[in-house]
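Engineer: The structure under discussion is supplied below as structure tokens; questions concerning it will follow.
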Protein chains: 2
Amino acid sequence: MIMDTHELIQSLQEQNDHKIVMLVADGLGGLPMKPGGLTELEVAKTPNLDELAKIGVSGMSIPIKPGITPGSGPGHLGLFGYEPLKFIIGRGALEAAGIGFALGPDDVAVRCNFCTVDDAGNITDRRAGRIPSEESAEVVNILKNINIDGVELFVEPVKEHRFVVVFRAKGLADNVADTDPQRTGVPPLDPVPHDTESKRTAGIAKEFFTQAKKLLAGQPKANCLTMRGFARRPHMPSYEELYGLNAACIAVYPMYKGLASLVGMKLVGEPKTLSEEIDTLEKAWNDYNFFFVHFKYTDSRGEDGDFDAKAKMIEEFDAIIPRVMALKPACLVVTGDHSTPAKMASHSFHPVPTLIVSDLARTDDCAVFGETAANHGGLGHFEAMYLMPLAMAHAGRLGKFGA
Amino acid sequence: MIMDTHELIQSLQEQNDHKIVMLVADGLGGLPMKPGGLTELEVAKTPNLDELAKIGVSGMSIPIKPGITPGSGPGHLGLFGYEPLKFIIGRGALEAAGIGFALGPDDVAVRCNFCTVDDAGNITDRRAGRIPSEESAEVVNILKNINIDGVELFVEPVKEHRFVVVFRAKGLADNVADTDPQRTGVPPLDPVPHDTESKRTAGIAKEFFTQAKKLLAGQPKANCLTMRGFARRPHMPSYEELYGLNAACIAVYPMYKGLASLVGMKLVGEPKTLSEEIDTLEKAWNDYNFFFVHFKYTDSRGEDGDFDAKAKMIEEFDAIIPRVMALKPACLVVTGDHSTPAKMASHSFHPVPTLIVSDLARTDDCAVFGETAANHGGLGHFEAMYLMPLAMAHAGRLGKFGA
């Protein structure tokens, strides 16, 4: 028998009153604009993070495996300690997470598109003219009138022609074929079950489609729909089970709240800015022992390809560090879910500079927080899924393996 | 089919007359007492190890996985090249190893406690008043009179009320329930077999218990016993099979002799001090091609929480280096099985500074042997189970994989 990392962690978790804060600056890692230059993080003035680098321990987090660029889903699952190649989030579940829908264990989520069909029922526009989000939301409201016996239904708008449907009922499986034929001139496909367990889900989807088509008959553009990515919540142990942690998520964007809720974190507050996120952290301090705090704009400005603006966001991020340290967490982790170099204007595969501050941190010779320094930090280069075990260990929350 | 590391190593092993010495300073890695300070190893004056760091290659050994603190068992299995999450040593087998009992392939080892029972047979003291070790050893001698048909029996004292029983017979399985009810006021439980294969072992245990109870009837305190952690030797290839090495263990403490015997090392000499261990090494030099030399006191002083005393032990360890180098090993490895920072007064999860000296070592920029330097050494940060393949390679004992 081989013990896997989760069994190991679960068997070693210990309770104490030590709190862990994980500050995630999305897309933190960067690239110099020209070979030999400095990255966004190295250019930014970060006196507070540099001070932590001196007393803490640095290293490089590899989000998935060397060379692999993660999306936000696998990127965050890795940070949360779930092997991203094992715990795959289906597209429907990811779409639900993306709007902050807390997917339950009895749910099957489906990504839907409004489409336009002609009188014969053949698709003429697979995206219903990309109708504006507000218009789409109104049509979504119509679909809330659908009733299916024994099934709780959720229909939620996403953006433009996209929306999410969630079927909630005991024992639903998710191995159902997409109904989008991927071309025009033909009607939507039937939701075909690929196994016996998924027959009921397919039947529910078919019934949903039939009722929806009637309700949408009068719509000028969004008069039909296609369904893709039927998916249950990935089966994974919660933070509570795995780490014995009562975890809070403090985030502005729905996607990250959704991902955090997949692992059982409580969504705390309704912050709109980084400063309000730290207000929330301060208020919730006594109620939880783990805090995931997500800062979005380092990634956004990287995606914009704006080097200077990303560096400025890193400086904003640096500025809140003293407020976090004032709470005296037993273990502070500063990291990102992936790199988003302005030079590439996209997520990238590059490892992410990471820092742990704790009384148990073995100080290394990193005097600043940045990519070049972190390369020879005491945490080495490690896969992101080991960051939570490292955080737990630095908080004195993991016992000894074997005698 | 995926080839595992052991199959790979086994298929590549080559014979030559190059000798490998692995010097293990138990609990070698440390922590600065205050963030930003130096560790025990960095404070200690180690001119000989520093000289080796200049000509050799350094790195950081992660005993199990990032964040995991190992006990001595898994810590050493890792150093010996056995994946510690795959080769789990059962509690009985570890207890046997702990007294240096060389567990064979037909053995089931059991951790036993003397306990006190009243006239009704109910336990009144689960530890028989923690009787002194000498007294306990005498009672253990009484149990050596037990005879069970077809079974070779070993009964050995451990400490106070603890002792080990080993049943030796072909085909014994070890899936038998503990008999310690974990409370007083009830009799010991029956040794219940959890599978068909373990029925015979359970029967033997029951017979042992019955005879023992009669023999112990007159004892004032140790008049009964409980049995826990039934365990066979973990099934693992020997050093001979895996590496083609004729391996010697030179150690003072029984635990490490026991662990080395699990992988088929020969226990050489009866050294009582580090200096005597090196005497033994010199004497045995022509008879083996691998030497595991274990130094205990770095760990002991770390466990005491005595920073200065641990640094002093590291200096004693450094002082014997010239004698080892005078033997001209093809490959010298200096490492520890885990860190034992005086600051924590316990084993810890921190990686262990490690050094390889060989004609094939690719010199790096480490000019001293210490944690901060080893962070950017040429061996990188690696899981301990890869240290043996690295040692074999540096001794020219591993061939090419594939054409």
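Residues in the structure tokens are named by chain (A, B, ... in the order shown) and by number from 1 within that chain; ligands are numbered from 1 in the order shown.
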Using only C-alpha atoms, I'd like every residue of chain B that has an atom within 7 Å of chain A; please write them out as a list in words.

Structural biologist: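 Filtering chain B at 7 Å from chain A with only C-alpha atoms gives Leu31, Pro32, Pro35, Gly36, Pro66, Gly67, Thr69, Pro70, Gly71, Ser72, Gly73, Pro74, Leu85, Lys86, Thr372, Asn375, His376 and His381 of chain B.
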
Engineer: Write to file, as a PDB file, in the first residue's frame, the residues of the selection just made, with N, CA and C atoms.

Structural biologist:
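Printed below is selection.pdb as written:
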```pdb
ATOM      1  N   LEU B  31      17.994  25.410  12.951  1.00  0.00           N
ATOM      2  CA  LEU B  31      17.310  26.702  12.761  1.00  0.00           C
ATOM      3  C   LEU B  31      18.108  27.749  13.524  1.00  0.00           C
ATOM      4  N   PRO B  32      18.090  28.972  13.020  1.00  0.00           N
ATOM      5  CA  PRO B  32      18.609  30.064  13.851  1.00  0.00           C
ATOM      6  C   PRO B  32      17.668  30.262  15.044  1.00  0.00           C
ATOM      7  N   PRO B  35      14.915  34.665  13.866  1.00  0.00           N
ATOM      8  CA  PRO B  35      14.886  34.867  12.416  1.00  0.00           C
ATOM      9  C   PRO B  35      16.037  35.777  11.966  1.00  0.00           C
ATOM     10  N   GLY B  36      16.718  35.380  10.911  1.00  0.00           N
ATOM     11  CA  GLY B  36      17.826  36.183  10.414  1.00  0.00           C
ATOM     12  C   GLY B  36      19.176  35.753  10.950  1.00  0.00           C
ATOM     13  N   PRO B  66       7.824  17.900   1.211  1.00  0.00           N
ATOM     14  CA  PRO B  66       7.908  19.219   1.844  1.00  0.00           C
ATOM     15  C   PRO B  66       6.926  19.347   3.009  1.00  0.00           C
ATOM     16  N   GLY B  67       7.417  19.816   4.133  1.00  0.00           N
ATOM     17  CA  GLY B  67       6.567  20.063   5.294  1.00  0.00           C
ATOM     18  C   GLY B  67       6.401  18.888   6.238  1.00  0.00           C
ATOM     19  N   THR B  69       7.579  16.084   8.857  1.00  0.00           N
ATOM     20  CA  THR B  69       8.599  15.753   9.847  1.00  0.00           C
ATOM     21  C   THR B  69       8.688  14.246   9.998  1.00  0.00           C
ATOM     22  N   PRO B  70       9.853  13.642   9.755  1.00  0.00           N
ATOM     23  CA  PRO B  70       9.934  12.184   9.869  1.00  0.00           C
ATOM     24  C   PRO B  70      10.368  11.707  11.234  1.00  0.00           C
ATOM     25  N   GLY B  71       9.858  10.568  11.649  1.00  0.00           N
ATOM     26  CA  GLY B  71      10.477   9.823  12.728  1.00  0.00           C
ATOM     27  C   GLY B  71      11.748   9.154  12.207  1.00  0.00           C
ATOM     28  N   SER B  72      12.503   8.531  13.105  1.00  0.00           N
ATOM     29  CA  SER B  72      13.770   7.913  12.710  1.00  0.00           C
ATOM     30  C   SER B  72      13.580   6.816  11.678  1.00  0.00           C
ATOM     31  N   GLY B  73      12.458   6.083  11.779  1.00  0.00           N
ATOM     32  CA  GLY B  73      12.207   4.974  10.850  1.00  0.00           C
ATOM     33  C   GLY B  73      12.096   5.474   9.415  1.00  0.00           C
ATOM     34  N   PRO B  74      11.032   6.242   9.105  1.00  0.00           N
ATOM     35  CA  PRO B  74      10.897   6.749   7.737  1.00  0.00           C
ATOM     36  C   PRO B  74      12.083   7.617   7.310  1.00  0.00           C
ATOM     37  N   LEU B  85       6.791   6.573   1.917  1.00  0.00           N
ATOM     38  CA  LEU B  85       5.330   6.465   1.916  1.00  0.00           C
ATOM     39  C   LEU B  85       4.879   5.137   1.317  1.00  0.00           C
ATOM     40  N   LYS B  86       5.836   4.371   0.818  1.00  0.00           N
ATOM     41  CA  LYS B  86       5.511   3.071   0.248  1.00  0.00           C
ATOM     42  C   LYS B  86       5.942   1.951   1.186  1.00  0.00           C
ATOM     43  N   THR B 372      22.309  27.766   4.498  1.00  0.00           N
ATOM     44  CA  THR B 372      22.142  28.851   3.534  1.00  0.00           C
ATOM     45  C   THR B 372      22.908  28.552   2.245  1.00  0.00           C
ATOM     46  N   ASN B 375      21.362  25.716   0.074  1.00  0.00           N
ATOM     47  CA  ASN B 375      20.153  26.092  -0.671  1.00  0.00           C
ATOM     48  C   ASN B 375      20.428  26.286  -2.155  1.00  0.00           C
ATOM     49  N   HIS B 376      21.621  26.773  -2.480  1.00  0.00           N
ATOM     50  CA  HIS B 376      21.892  26.954  -3.913  1.00  0.00           C
ATOM     51  C   HIS B 376      23.012  26.053  -4.411  1.00  0.00           C
ATOM     52  N   HIS B 381      17.301  20.875  -4.362  1.00  0.00           N
ATOM     53  CA  HIS B 381      16.482  20.352  -3.265  1.00  0.00           C
ATOM     54  C   HIS B 381      15.878  19.057  -3.797  1.00  0.00           C
TER      55      HIS B 381
END
```

Engineer: From the DSSP assignment of the backbone, select every residue of range 15-248 of chain A that is strand (DSSP E or B), and format the answer as number ranges by chain.

Structural biologist: A: 20-25, 28-29, 57-62, 107-117, 123-125, 152-159, 162-168, 176, 193, 224-232, 247-248

Engineer: Would you mind telling me which residue in A:Asp119, A:Asp306, A:Asp299, A:Glu316 lies nearest to Leu274 in chain A when using only C-alpha atoms?

Structural biologist: A:Glu316

Engineer: Any idea what the distance is between CA of Val192 in chain A and CA of Ala177 in chain A?

Structural biologist: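 Separation between CA of Val192 in chain A and CA of Ala177 in chain A: 5.2 Å.
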
Engineer: Compile the contact shell of Leu245 in chain A as a PyMOL selection string: residues with an atom at most 12 Å away, counting only C-alpha atoms, same-chain residues fewer than 4 positions apart removed.

Structural biologist: chain A and resi 10+13-21+80+237-241+263-266+287-292+388+391-392+395+397-398

Engineer: One number please: CA of Gly336 in chain A to CA of Ser61 in chain A, in Å, one decimal.

Structural biologist: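 Pair CA of Gly336 in chain A / CA of Ser61 in chain A returns 8.4 Å.
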
Engineer: Would you mind listing what lies within 12 Å of Arg200 in chain B as an MDAnalysis selection string, with only C-alpha atoms counted and same-chain residues fewer than 2 positions away left out?

Structural biologist: chainID B and resid 108 148:151 167:176 191:198 202:207

Engineer: Do a neighbour search on Asn223 in chain B at 10 Å with only C-alpha atoms, toss out local chain neighbours closer than 4 positions, and write the hits as a list in words.

Structural biologist: Phe114, Cys115, Thr116, Val117, Asp118, Gly121, Ile123, Ala128, Val139, Ala212, Lys213, Lys214, Leu215, Leu216, Ala217, Gly218 and Gln219 of chain B

Engineer: Next, write the just-selected residues to a file, as a compact mmCIF listing (two decimals), in the first residue's frame, keeping N, CA and C atoms as the atom set.

Structural biologist:
```txt
# COMPACT_ATOMS: atom_id res chain seq x y z
N PHE B 114 3.74 -5.17 29.87
CA PHE B 114 3.26 -5.82 31.09
C PHE B 114 2.16 -4.96 31.67
N CYS B 115 1.12 -5.63 32.21
CA CYS B 115 0.07 -4.89 32.89
C CYS B 115 -0.26 -5.63 34.19
N THR B 116 -1.06 -5.00 35.04
CA THR B 116 -1.50 -5.63 36.28
C THR B 116 -2.99 -5.93 36.17
N VAL B 117 -3.37 -7.20 36.53
CA VAL B 117 -4.80 -7.54 36.53
C VAL B 117 -5.20 -7.98 37.95
N ASP B 118 -6.48 -7.81 38.27
CA ASP B 118 -6.98 -8.26 39.58
C ASP B 118 -7.41 -9.73 39.51
N GLY B 121 -9.28 -10.90 36.68
CA GLY B 121 -8.63 -10.81 35.36
C GLY B 121 -8.80 -9.45 34.70
N ILE B 123 -7.95 -5.49 34.12
CA ILE B 123 -6.74 -4.69 34.21
C ILE B 123 -6.93 -3.58 35.25
N ALA B 128 1.65 -1.82 34.45
CA ALA B 128 2.26 -2.56 35.57
C ALA B 128 3.12 -1.65 36.43
N VAL B 139 11.40 -10.55 34.45
CA VAL B 139 10.10 -11.16 34.15
C VAL B 139 10.08 -11.65 32.70
N ALA B 212 1.60 -17.38 29.13
CA ALA B 212 2.25 -16.28 29.85
C ALA B 212 1.48 -15.96 31.13
N LYS B 213 0.17 -15.95 31.03
CA LYS B 213 -0.64 -15.57 32.20
C LYS B 213 -0.40 -16.53 33.37
N LYS B 214 -0.25 -17.84 33.02
CA LYS B 214 0.04 -18.84 34.07
C LYS B 214 1.41 -18.57 34.69
N LEU B 215 2.41 -18.33 33.82
CA LEU B 215 3.78 -18.13 34.32
C LEU B 215 3.90 -16.86 35.16
N LEU B 216 3.04 -15.87 34.88
CA LEU B 216 3.16 -14.57 35.55
C LEU B 216 2.29 -14.49 36.80
N ALA B 217 1.52 -15.53 37.06
CA ALA B 217 0.49 -15.48 38.10
C ALA B 217 1.02 -14.96 39.43
N GLY B 218 2.25 -15.33 39.80
CA GLY B 218 2.77 -14.94 41.10
C GLY B 218 3.35 -13.52 41.17
N GLN B 219 3.48 -12.85 40.05
CA GLN B 219 4.14 -11.54 40.02
C GLN B 219 3.30 -10.48 40.73
```

Engineer: Can you check which residues of range 158-400 of chain B DSSP gives as helix (DSSP H, G or I) on the backbone and send them as a ChimeraX atom specification?

Structural biologist: /B:196-216,239-243,254-262,274-284,297-303,307-319,321-326,371-374,384-394

Engineer: Quick one: of B:Thr39, B:Asn48, B:Ser133, B:Thr340, who's nearest to Pro322 in chain B, counting only C-alpha atoms?

Structural biologist: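 Checking each candidate against Pro322 in chain B, we get B:Asn48 as the closest.
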
Engineer: What is the distance between CA of Glu51 in chain A and CA of His338 in chain B, in Å to one decimal?

Structural biologist: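 Distance between the two atoms: 28.8 Å.
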
Engineer: From the set B:Ala367, B:Val165, B:Val293, B:Ile89, which residue has the shortest atom-to-atom contact distance to Val333 in chain B, counting only C-alpha atoms?

Structural biologist: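 Smallest distance to Val333 in chain B is found for B:Val293.
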